[in-house]
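Asks: Below is a structure I'd like to ask you about.
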Number of protein chains: 2
Amino acid sequence: MNTKIIRKVAVVGAGSWGTALGNLFADQCEEVILWGRDNDVVQGLNVRHENSKYLKGVPLSPKLKATNQLEAALEGADLVVGSVPTQQIRGVMGPVASKLRSAIILNSSKGIELGTHLRVSEIYQELIPEAQYAIISGPSFALEVAERLPTAVTVACQSREVGTLIQKQLSNSYFRVYTSTDVSGVELAGALKNVVAIATGVVTGLGLGYNAQAAVINRGIAEIMRMGKRFGAEPLTFLGLAGTGDLILTCTGPLSRNRTLGVKLGQGKALSEIQRELGGVAEGVYTAQSARELAQRNEIDMPITEQVYQMLYQNKSARQALIDLMGRDLKEEWS
Amino acid sequence: MNTKIIRKVAVVGAGSWGTALGNLFADQCEEVILWGRDNDVVQGLNVRHENSKYLKGVPLSPKLKATNQLEAALEGADLVVGSVPTQQIRGVMGPVASKLRSAIILNSSKGIELGTHLRVSEIYQELIPEAQYAIISGPSFALEVAERLPTAVTVACQSREVGTLIQKQLSNSYFRVYTSTDVSGVELAGALKNVVAIATGVVTGLGLGYNAQAAVINRGIAEIMRMGKRFGAEPLTFLGLAGTGDLILTCTGPLSRNRTLGVKLGQGKALSEIQRELGGVAEGVYTAQSARELAQRNEIDMPITEQVYQMLYQNKSARQALIDLMGRDLKEEWS
């Protein structure tokens with residue numbers, strides 16, 4: 001593998017974030033190809049340079065090509081951006097693992113695999129142990145990146161060399177990449193923030209005000225860090241773009257899918273009803289289950305995750321969940 | 001001094017936060033008296049149980065009494081809440097220092113003194129070296145505390161005993177107090193966040209989107225931590241309620257004074273014009289100057305503070321300030 005030049009980039013997954021990253025790479029690399037299942041999306045990208053399903057109305061680079069042939073897309077790619085939902089990574093990437101052995105994989109998905117409790121890097125490690133793995137995370141609405149508005153993110157990779165290569169390839173006047181070597185920290189921060197986003201939405205749905213919302217976010221960071229510490233992550237990671245930064249975005253920007261789900265929970269709706277309304281499951285619903293199992297197994301105190309789990313899976317009322325959170329023993333902030 | 005019981009509380013300063021804290025203590029203590037300069041406010045508090053200037057329309061506890069006689073208010077107080085603007089603490093508290101020798105001082109003001117560069121604890125240390133000092137900080141809009149909406153804050157005190165005493169006295173079903181011993185960290189976090197709030201407003205004023213706003217907040221936390229480290233603060237403090245928590249509130253809630261000032265800067269207005277519109281100075285304007293001087297003297301890299309300073313005091317355009325921020329060398333996130 002030559003880590004010095006990224007000539008061809010393949011993006012697996014033509015959702016909003018995959019498309020925005022593909023568009024960004026198109027500004028910076030020779031060849032970028034985006035794989036998607038949906039023929040209409042693929043054709044719209046190739047013909048009109050628009051992703052009419054996920055980034056409607058945003059003009060994309062004509063250099064960004066699309067295909068629904070995954071093997072062809074991966075052929076000769078120096079860097080592969082993984083942008084399919086976490087629970088689908090094994091199904092999509094497993095069959096083409098042999099094509100990825102000499103590539104750098106840059107994962108942009110967030111979550112913990114159900115059942116196995118594996119982080120995304122661990123899934124890839126099982127599928128393609130030979131590949132270099134990096135993760136990109138941080139406060140980054142896809143729409144704003146596609147519109148070339150200023151954005152800063154973290155890229156974490158065990159290899160500083162590979163991390164710096166991606167940093168240089170991706171950074172430009174509107175997109176700023178910071179590097180980190182704390183892969184597990186960035187992954188946990190990204191996955192667990194979706195659970196905290198649900199809790200934040202619950203506070204809004206209950207009509208409880210900004211103080212309570214900020215407190216839940218903040219105590220959410222504290223418990224994410226407790227789990228991070230248990231798995232060897234750097235505490236500073238959770239203070240960074242992939243941790244607090246991403247949470248801030250969830251709470252200041254237009255409603256995220258996970259937060260929207262929380263708002264509806266706070267308004268007293270049941271999960272099944274919410275899923276009908278949203279037309280699918282938000283990633284945090286899976287992560288709440290995986291994270292709660294991980295926390296229990298490792299005896300990590302994660303009261304917000306626990307309450308979110310009980311609201312999602314045990315029909316606990318939002319109001320009772322909040323009362324149980326507020327009524328805990330008084331303590332030092334970082335005990 | 002008996003640290004076991006807080007019987008009488010005096011609150012110095014009848015602004016919105018002083019009034020809300022007085023009201024909270026009235027739920028929890030025998031006697032609470034609030035000192036204010038404004039006779040109309042004092043009378044309104046005593047007669048109608050309302051602060052019609054700063055918390056209009058919010059019913060306050062009839063147990064909360066008000067006076068414009070500072071010495072009388074302080075007489076026999078076990079705990080004194082300091083709630084006057086930082087630049088006025090010396091002028092208000094200096095002349096009555098002898099009354100405060102056996103009290104616990106709970107400061108709720110944020111800032112760094114101009115010229116001396118002293119934090120609030122250091123000002124009090126000069127004025128009343130015998131007193132016990134604590135600081136209360138965190139994401140807490142006064143209005144929501146007065147309306148008894150759920151709120152969580154940090155109280156920092158070098159003495160764990162005193163910190164726990166305040167924690168127990170203040171905590172109830174809607175107000176949750178976490179303790180800390182990191183006084184300088186909590187003070188720096190509270191002061192410097194006002195500068196970052198200005199920068200966040202600038203991003204909004206420039207119309208740059210949520211990603212950029214989250215990035216500025218996040219990189220703001222990073223530089224606040226650099227200064228904190230230099231002055232012996234605990235890194236975790238900046239991740240806590242008094243740090244990130246308070247910043248999140250600034251960015252998710254109704255516009256804070258400092259952020260509003262930033263929005264107007266971002267829209268291209270000059271400081272003098274903004275001050276006319278706001279009818280006064282936001283604390284962050286002073287803190288930007290003190291913090292920039294402290295950073296220069298101690299060779300601490302604080303790019304956001306530097307750019308805010310240049311916008312405020314050197315007529316630098318907001319757009320150029322942002323370009324200079326984005327164009328810095330690429331680096332590791334926590335170098």
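We label chains A, B, ... in the order they appear in the structure tokens, count residues from 1 in each chain, and number ligands from 1 in the order shown.
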Each residue of chain A with at least one atom at most 6 Å from chain B should appear once, together with its nearest atom pair and the corresponding distance in Å (one decimal); atoms considered: only C-alpha atoms; ordering: chain, then increasing residue number; output as CSV.
Replies:
```
residue,atom,partner,partner_atom,distance
A:Pro139,CA,B:Asn211,CA,5.4
A:Ser140,CA,B:Asn211,CA,5.2
A:Pro150,CA,B:Ala212,CA,5.3
A:Thr151,CA,B:Ala212,CA,5.2
A:Ala152,CA,B:Ala215,CA,5.8
A:Tyr178,CA,B:Glu333,CA,5.0
A:Thr179,CA,B:Glu332,CA,4.5
A:Ser180,CA,B:Glu332,CA,6.0
A:Tyr210,CA,B:Gly253,CA,5.8
A:Asn211,CA,B:Ser140,CA,5.2
A:Ala212,CA,B:Thr151,CA,5.2
A:Ala214,CA,B:Gly245,CA,5.6
A:Ala215,CA,B:Ala152,CA,5.8
A:Asn218,CA,B:Gly245,CA,5.5
A:Gly245,CA,B:Asn218,CA,5.5
A:Ile248,CA,B:Ala214,CA,6.0
A:Leu249,CA,B:Ala214,CA,5.6
A:Thr252,CA,B:Thr252,CA,5.3
A:Gly253,CA,B:Tyr210,CA,5.8
A:Lys331,CA,B:Tyr178,CA,5.7
A:Glu332,CA,B:Thr179,CA,4.5
A:Glu333,CA,B:Tyr178,CA,5.0
```
Asks: Any chance you could export the current selection's all heavy atoms as a compact mmCIF listing (two decimals), in the first residue's frame?
Replies:
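Below is the file that was written, out_1.txt:
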```txt
# COMPACT_ATOMS: atom_id res chain seq x y z
N PRO A 139 -18.91 17.85 14.63
CA PRO A 139 -20.15 18.58 14.36
C PRO A 139 -20.27 18.95 12.89
O PRO A 139 -19.69 19.95 12.45
CB PRO A 139 -20.04 19.82 15.25
CG PRO A 139 -18.57 20.01 15.46
CD PRO A 139 -17.94 18.66 15.37
N SER A 140 -21.02 18.17 12.14
CA SER A 140 -20.99 18.35 10.69
C SER A 140 -22.32 17.94 10.07
O SER A 140 -22.49 16.79 9.68
CB SER A 140 -19.86 17.52 10.09
OG SER A 140 -19.79 16.23 10.69
N PRO A 150 -18.16 26.68 6.72
CA PRO A 150 -17.01 26.27 7.55
C PRO A 150 -17.37 25.14 8.52
O PRO A 150 -18.37 25.20 9.22
CB PRO A 150 -16.67 27.54 8.34
CG PRO A 150 -17.24 28.66 7.56
CD PRO A 150 -18.46 28.11 6.86
N THR A 151 -16.54 24.13 8.56
CA THR A 151 -16.76 22.93 9.37
C THR A 151 -15.42 22.42 9.88
O THR A 151 -14.43 22.48 9.17
CB THR A 151 -17.45 21.84 8.51
OG1 THR A 151 -18.69 22.35 8.01
CG2 THR A 151 -17.71 20.57 9.29
N ALA A 152 -15.43 21.93 11.11
CA ALA A 152 -14.21 21.31 11.68
C ALA A 152 -14.56 19.94 12.22
O ALA A 152 -15.58 19.77 12.88
CB ALA A 152 -13.63 22.19 12.78
N TYR A 178 -8.87 18.01 12.29
CA TYR A 178 -7.91 17.79 13.38
C TYR A 178 -7.67 16.29 13.50
O TYR A 178 -8.60 15.51 13.30
CB TYR A 178 -8.46 18.32 14.71
CG TYR A 178 -8.56 19.83 14.76
CD1 TYR A 178 -9.66 20.50 14.25
CD2 TYR A 178 -7.54 20.59 15.33
CE1 TYR A 178 -9.75 21.88 14.29
CE2 TYR A 178 -7.62 21.97 15.38
CZ TYR A 178 -8.73 22.61 14.86
OH TYR A 178 -8.81 23.98 14.92
N THR A 179 -6.46 15.90 13.83
CA THR A 179 -6.17 14.47 13.95
C THR A 179 -6.14 14.01 15.41
O THR A 179 -5.95 14.81 16.32
CB THR A 179 -4.81 14.11 13.31
OG1 THR A 179 -3.80 14.93 13.90
CG2 THR A 179 -4.86 14.32 11.81
N SER A 180 -6.33 12.72 15.57
CA SER A 180 -6.31 12.10 16.88
C SER A 180 -5.88 10.65 16.68
O SER A 180 -6.03 10.10 15.59
CB SER A 180 -7.71 12.15 17.50
OG SER A 180 -7.84 11.23 18.56
N TYR A 210 -34.22 25.32 29.21
CA TYR A 210 -32.85 25.23 28.71
C TYR A 210 -31.86 24.77 29.75
O TYR A 210 -30.88 24.09 29.44
CB TYR A 210 -32.42 26.60 28.16
CG TYR A 210 -33.26 27.05 26.99
CD1 TYR A 210 -34.25 28.01 27.15
CD2 TYR A 210 -33.06 26.49 25.73
CE1 TYR A 210 -35.02 28.42 26.07
CE2 TYR A 210 -33.83 26.89 24.65
CZ TYR A 210 -34.81 27.86 24.82
OH TYR A 210 -35.57 28.24 23.76
N ASN A 211 -32.07 25.15 31.02
CA ASN A 211 -31.15 24.72 32.08
C ASN A 211 -31.10 23.19 32.13
O ASN A 211 -30.03 22.59 32.19
CB ASN A 211 -31.59 25.24 33.44
CG ASN A 211 -31.50 26.76 33.56
OD1 ASN A 211 -31.03 27.43 32.64
ND2 ASN A 211 -31.95 27.29 34.68
N ALA A 212 -32.27 22.58 32.13
CA ALA A 212 -32.35 21.12 32.25
C ALA A 212 -31.72 20.47 31.02
O ALA A 212 -31.02 19.45 31.13
CB ALA A 212 -33.81 20.68 32.39
N ALA A 214 -29.30 21.67 29.10
CA ALA A 214 -27.83 21.78 29.20
C ALA A 214 -27.29 20.81 30.24
O ALA A 214 -26.23 20.21 30.06
CB ALA A 214 -27.44 23.21 29.54
N ALA A 215 -28.03 20.65 31.33
CA ALA A 215 -27.58 19.73 32.39
C ALA A 215 -27.55 18.30 31.88
O ALA A 215 -26.60 17.55 32.15
CB ALA A 215 -28.48 19.86 33.61
N ASN A 218 -24.67 17.77 29.64
CA ASN A 218 -23.43 17.77 30.39
C ASN A 218 -23.23 16.51 31.20
O ASN A 218 -22.13 15.94 31.23
CB ASN A 218 -23.46 18.97 31.32
CG ASN A 218 -22.15 19.69 31.23
OD1 ASN A 218 -21.44 19.77 32.21
ND2 ASN A 218 -21.80 20.16 30.06
N GLY A 245 -18.54 18.58 20.82
CA GLY A 245 -18.83 19.35 19.61
C GLY A 245 -20.05 18.81 18.88
O GLY A 245 -20.95 19.56 18.48
N ILE A 248 -23.22 19.41 20.91
CA ILE A 248 -23.65 20.81 20.80
C ILE A 248 -24.44 21.00 19.51
O ILE A 248 -25.49 21.64 19.49
CB ILE A 248 -22.44 21.77 20.85
CG1 ILE A 248 -21.84 21.78 22.26
CG2 ILE A 248 -22.85 23.18 20.42
CD1 ILE A 248 -20.51 22.49 22.34
N LEU A 249 -23.94 20.42 18.44
CA LEU A 249 -24.62 20.55 17.16
C LEU A 249 -26.02 19.96 17.23
O LEU A 249 -26.99 20.56 16.76
CB LEU A 249 -23.82 19.85 16.07
CG LEU A 249 -24.37 20.08 14.66
CD1 LEU A 249 -24.14 21.52 14.23
CD2 LEU A 249 -23.72 19.14 13.67
N THR A 252 -28.17 22.50 19.05
CA THR A 252 -28.32 23.87 18.58
C THR A 252 -28.89 23.90 17.17
O THR A 252 -29.50 24.88 16.78
CB THR A 252 -26.98 24.62 18.57
OG1 THR A 252 -26.04 23.86 17.80
CG2 THR A 252 -26.46 24.79 19.97
N GLY A 253 -28.67 22.84 16.43
CA GLY A 253 -29.08 22.84 15.03
C GLY A 253 -30.51 22.35 14.86
O GLY A 253 -31.20 22.07 15.83
N LYS A 331 -23.55 14.43 44.83
CA LYS A 331 -22.17 13.98 44.81
C LYS A 331 -21.24 15.01 44.20
O LYS A 331 -21.67 16.08 43.80
CB LYS A 331 -22.04 12.65 44.09
CG LYS A 331 -22.61 12.65 42.67
CD LYS A 331 -22.42 11.27 42.05
CE LYS A 331 -22.37 11.36 40.54
NZ LYS A 331 -21.86 10.15 39.92
N GLU A 332 -19.96 14.66 44.18
CA GLU A 332 -18.99 15.52 43.50
C GLU A 332 -19.20 15.39 42.00
O GLU A 332 -19.67 14.37 41.51
CB GLU A 332 -17.56 15.11 43.88
CG GLU A 332 -17.26 15.40 45.34
CD GLU A 332 -15.76 15.33 45.64
OE1 GLU A 332 -14.95 15.70 44.78
OE2 GLU A 332 -15.43 14.91 46.75
N GLU A 333 -18.82 16.46 41.28
CA GLU A 333 -19.12 16.46 39.85
C GLU A 333 -18.41 15.33 39.11
O GLU A 333 -18.97 14.73 38.21
CB GLU A 333 -18.75 17.82 39.23
CG GLU A 333 -19.23 17.93 37.80
CD GLU A 333 -19.27 19.36 37.28
OE1 GLU A 333 -18.74 20.26 37.96
OE2 GLU A 333 -19.83 19.56 36.20
```
Asks: Find the residues around stretch 125-131 of chain B up to 9 Å (only C-alpha atoms counted), leave out those fewer than 6 positions away in its own chain, and share them as a list in words.
Replies: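 Answer for this query is Arg90, Met93, Gly94, Ala97, Ser98, Leu100, Arg101, Ser102, Ala103, Ile104 and Ile105 of chain B.
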Asks: Step one, run DSSP on the backbone; step two, keep only residues of stretch 24-237 of chain A assigned to helix (DSSP H, G or I); then write them as a count of residues only.
Replies: 106
Asks: Determine, for each residue of stretch 191-265 of chain B having at least one atom at most 7 Å from an atom of stretch 270-286 of chain B, the closest pair of atoms and their separation in Å to one decimal, counting only C-alpha atoms; order by chain and ascending number, as JSON lines.
Replies:
```
{"residue": "B:Asn194", "atom": "CA", "partner": "B:Gly284", "partner_atom": "CA", "distance": 4.7}
{"residue": "B:Val195", "atom": "CA", "partner": "B:Gly284", "partner_atom": "CA", "distance": 5.0}
{"residue": "B:Arg257", "atom": "CA", "partner": "B:Ala282", "partner_atom": "CA", "distance": 6.0}
{"residue": "B:Asn258", "atom": "CA", "partner": "B:Ala282", "partner_atom": "CA", "distance": 5.5}
{"residue": "B:Leu261", "atom": "CA", "partner": "B:Ile274", "partner_atom": "CA", "distance": 6.6}
{"residue": "B:Lys264", "atom": "CA", "partner": "B:Ile274", "partner_atom": "CA", "distance": 6.8}
{"residue": "B:Leu265", "atom": "CA", "partner": "B:Ala270", "partner_atom": "CA", "distance": 6.6}
```
Asks: Could the residues in this selection be written to a file with all heavy atoms, as an mmCIF file, in the first residue's frame?
Replies:
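That gives us result.cif:
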```
data_model
loop_
_atom_site.group_PDB
_atom_site.id
_atom_site.type_symbol
_atom_site.label_atom_id
_atom_site.label_comp_id
_atom_site.auth_asym_id
_atom_site.auth_seq_id
_atom_site.Cartn_x
_atom_site.Cartn_y
_atom_site.Cartn_z
ATOM 1 N N ASN B 194 -17.646 33.725 28.382
ATOM 2 C CA ASN B 194 -18.288 34.916 27.823
ATOM 3 C C ASN B 194 -17.590 35.397 26.553
ATOM 4 O O ASN B 194 -18.222 35.952 25.658
ATOM 5 C CB ASN B 194 -18.334 36.039 28.866
ATOM 6 C CG ASN B 194 -19.408 35.798 29.919
ATOM 7 O OD1 ASN B 194 -20.435 35.189 29.630
ATOM 8 N ND2 ASN B 194 -19.177 36.261 31.133
ATOM 9 N N VAL B 195 -16.279 35.186 26.489
ATOM 10 C CA VAL B 195 -15.531 35.559 25.278
ATOM 11 C C VAL B 195 -15.900 34.617 24.130
ATOM 12 O O VAL B 195 -16.121 35.046 22.996
ATOM 13 C CB VAL B 195 -14.010 35.534 25.556
ATOM 14 C CG1 VAL B 195 -13.231 35.947 24.314
ATOM 15 C CG2 VAL B 195 -13.667 36.435 26.741
ATOM 16 N N ARG B 257 -26.473 38.095 26.667
ATOM 17 C CA ARG B 257 -25.968 39.433 26.372
ATOM 18 C C ARG B 257 -24.665 39.385 25.565
ATOM 19 O O ARG B 257 -24.482 40.119 24.607
ATOM 20 C CB ARG B 257 -25.714 40.109 27.722
ATOM 21 C CG ARG B 257 -25.781 41.581 27.727
ATOM 22 C CD ARG B 257 -25.725 42.075 29.179
ATOM 23 N NE ARG B 257 -25.365 43.460 29.199
ATOM 24 C CZ ARG B 257 -26.189 44.445 28.853
ATOM 25 N NH1 ARG B 257 -27.427 44.166 28.499
ATOM 26 N NH2 ARG B 257 -25.784 45.697 28.861
ATOM 27 N N ASN B 258 -23.767 38.481 25.968
ATOM 28 C CA ASN B 258 -22.486 38.395 25.268
ATOM 29 C C ASN B 258 -22.663 37.873 23.839
ATOM 30 O O ASN B 258 -22.040 38.360 22.906
ATOM 31 C CB ASN B 258 -21.529 37.490 26.057
ATOM 32 C CG ASN B 258 -21.094 38.144 27.356
ATOM 33 O OD1 ASN B 258 -20.338 39.103 27.351
ATOM 34 N ND2 ASN B 258 -21.595 37.638 28.471
ATOM 35 N N LEU B 261 -24.139 40.522 21.568
ATOM 36 C CA LEU B 261 -23.092 41.462 21.153
ATOM 37 C C LEU B 261 -22.291 40.877 19.984
ATOM 38 O O LEU B 261 -21.988 41.571 19.005
ATOM 39 C CB LEU B 261 -22.191 41.747 22.358
ATOM 40 C CG LEU B 261 -21.081 42.779 22.194
ATOM 41 C CD1 LEU B 261 -20.926 43.583 23.498
ATOM 42 C CD2 LEU B 261 -19.748 42.141 21.847
ATOM 43 N N LYS B 264 -24.142 41.042 16.628
ATOM 44 C CA LYS B 264 -24.077 42.391 16.052
ATOM 45 C C LYS B 264 -22.695 42.683 15.474
ATOM 46 O O LYS B 264 -22.564 43.330 14.431
ATOM 47 C CB LYS B 264 -24.466 43.427 17.107
ATOM 48 C CG LYS B 264 -25.965 43.379 17.481
ATOM 49 C CD LYS B 264 -26.276 44.274 18.681
ATOM 50 C CE LYS B 264 -27.702 44.101 19.161
ATOM 51 N NZ LYS B 264 -28.708 44.774 18.299
ATOM 52 N N LEU B 265 -21.649 42.188 16.149
ATOM 53 C CA LEU B 265 -20.289 42.313 15.588
ATOM 54 C C LEU B 265 -20.217 41.607 14.238
ATOM 55 O O LEU B 265 -19.665 42.130 13.271
ATOM 56 C CB LEU B 265 -19.263 41.669 16.519
ATOM 57 C CG LEU B 265 -18.629 42.462 17.661
ATOM 58 C CD1 LEU B 265 -17.649 41.556 18.403
ATOM 59 C CD2 LEU B 265 -17.925 43.720 17.179
#
```
Asks: Please provide the set of residues having any atom within 12 Å of B:Gly91, restricted to only C-alpha atoms, with same-chain residues fewer than 4 positions apart removed, written as a ChimeraX atom specification.
Replies: /B:84-87,95-97,113,123-124,127
Asks: Using N, CA, C and O atoms, can you export the residues from the last selection as a compact mmCIF listing (two decimals), in the first residue's frame?
Replies:
```txt
# COMPACT_ATOMS: atom_id res chain seq x y z
N VAL B 84 -22.83 41.00 42.32
CA VAL B 84 -22.66 42.27 41.61
C VAL B 84 -21.67 42.05 40.46
O VAL B 84 -20.87 41.12 40.51
N PRO B 85 -21.73 42.87 39.41
CA PRO B 85 -20.79 42.68 38.30
C PRO B 85 -19.33 42.69 38.79
O PRO B 85 -18.98 43.43 39.71
N THR B 86 -18.52 41.82 38.17
CA THR B 86 -17.14 41.62 38.62
C THR B 86 -16.37 42.93 38.79
O THR B 86 -15.66 43.11 39.79
N GLN B 87 -16.52 43.85 37.86
CA GLN B 87 -15.73 45.09 37.93
C GLN B 87 -16.21 46.00 39.08
O GLN B 87 -15.58 47.01 39.37
N PRO B 95 -15.82 48.36 51.22
CA PRO B 95 -16.20 49.16 52.39
C PRO B 95 -16.88 48.35 53.51
O PRO B 95 -16.91 48.81 54.65
N VAL B 96 -17.43 47.18 53.18
CA VAL B 96 -18.12 46.41 54.22
C VAL B 96 -17.37 45.12 54.57
O VAL B 96 -17.94 44.20 55.17
N ALA B 97 -16.10 45.08 54.20
CA ALA B 97 -15.32 43.85 54.39
C ALA B 97 -15.35 43.37 55.84
O ALA B 97 -15.40 42.17 56.11
N GLU B 113 -10.85 40.77 36.75
CA GLU B 113 -10.77 42.21 37.01
C GLU B 113 -9.81 42.88 36.02
O GLU B 113 -8.70 42.39 35.78
N ILE B 123 -9.86 38.55 44.23
CA ILE B 123 -10.33 39.86 44.70
C ILE B 123 -10.80 39.73 46.15
O ILE B 123 -10.41 40.51 47.03
N TYR B 124 -11.62 38.73 46.41
CA TYR B 124 -12.13 38.53 47.78
C TYR B 124 -11.00 38.20 48.75
O TYR B 124 -11.01 38.62 49.91
N LEU B 127 -9.64 41.39 49.72
CA LEU B 127 -10.54 42.21 50.54
C LEU B 127 -10.78 41.59 51.92
O LEU B 127 -10.79 42.30 52.93
```
Asks: For stretch 32-47 of chain A, work out the shell of residues within 12 Å, counting only C-alpha atoms and skipping chain neighbours fewer than 5 positions away, then give it as a PyMOL selection string.
Replies: chain A and resi 6-27+52-84+92-93
Asks: Just how far from atom CA of A:Thr260 is atom CA of A:Ala197, in Å to one decimal?
Replies: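 Going from atom CA of A:Ala197 over to atom CA of A:Thr260, I get 8.6 Å.
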Asks: Just list as an NGL selection string whatever in stretch 165-245 of chain A DSSP marks as strand (DSSP E or B).
Replies: :A and (175-180)
Asks: Using the selection just defined, write its residues with N, CA, C and O atoms as an mmCIF file, in the first residue's frame.
Replies:
```
data_model
loop_
_atom_site.group_PDB
_atom_site.id
_atom_site.type_symbol
_atom_site.label_atom_id
_atom_site.label_comp_id
_atom_site.auth_asym_id
_atom_site.auth_seq_id
_atom_site.Cartn_x
_atom_site.Cartn_y
_atom_site.Cartn_z
ATOM 1 N N PHE A 175 -13.128 23.381 5.212
ATOM 2 C CA PHE A 175 -13.214 22.125 5.953
ATOM 3 C C PHE A 175 -11.889 21.895 6.676
ATOM 4 O O PHE A 175 -10.840 21.759 6.050
ATOM 5 N N ARG A 176 -11.953 21.883 8.011
ATOM 6 C CA ARG A 176 -10.738 21.812 8.805
ATOM 7 C C ARG A 176 -10.706 20.486 9.572
ATOM 8 O O ARG A 176 -11.622 20.162 10.307
ATOM 9 N N VAL A 177 -9.645 19.721 9.370
ATOM 10 C CA VAL A 177 -9.535 18.404 9.999
ATOM 11 C C VAL A 177 -8.470 18.432 11.097
ATOM 12 O O VAL A 177 -7.335 18.832 10.857
ATOM 13 N N TYR A 178 -8.871 18.007 12.293
ATOM 14 C CA TYR A 178 -7.913 17.790 13.378
ATOM 15 C C TYR A 178 -7.670 16.295 13.498
ATOM 16 O O TYR A 178 -8.597 15.507 13.298
ATOM 17 N N THR A 179 -6.462 15.895 13.828
ATOM 18 C CA THR A 179 -6.173 14.468 13.949
ATOM 19 C C THR A 179 -6.138 14.015 15.406
ATOM 20 O O THR A 179 -5.950 14.814 16.321
ATOM 21 N N SER A 180 -6.334 12.725 15.575
ATOM 22 C CA SER A 180 -6.306 12.098 16.885
ATOM 23 C C SER A 180 -5.884 10.655 16.677
ATOM 24 O O SER A 180 -6.034 10.101 15.586
#
```
Asks: Enter the distance from atom CA of A:Gly190 to atom CA of A:Lys110, in Å, rounded to one decimal.
Replies: 5.5 Å
Asks: For B:Ile198, which residue among B:Lys316, B:Arg259, B:Arg119, B:Lys99 is the nearest when counting only C-alpha atoms?
Replies: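 The shortest atom-to-atom distance to B:Ile198 comes from B:Arg259.
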Asks: Just to confirm, what's the straight-line distance from atom CA of A:Ile304 to atom CA of A:Leu255 in Å (one decimal)?
Replies: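 Here the two named atoms are 19.7 Å from each other.
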Asks: Restricting the calculation to only C-alpha atoms: of B:Cys157, B:Ala321, B:Ala291, B:Met311, which residue gets closest to B:Val186?
Replies: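 Selected residue with least distance to B:Val186: B:Cys157.
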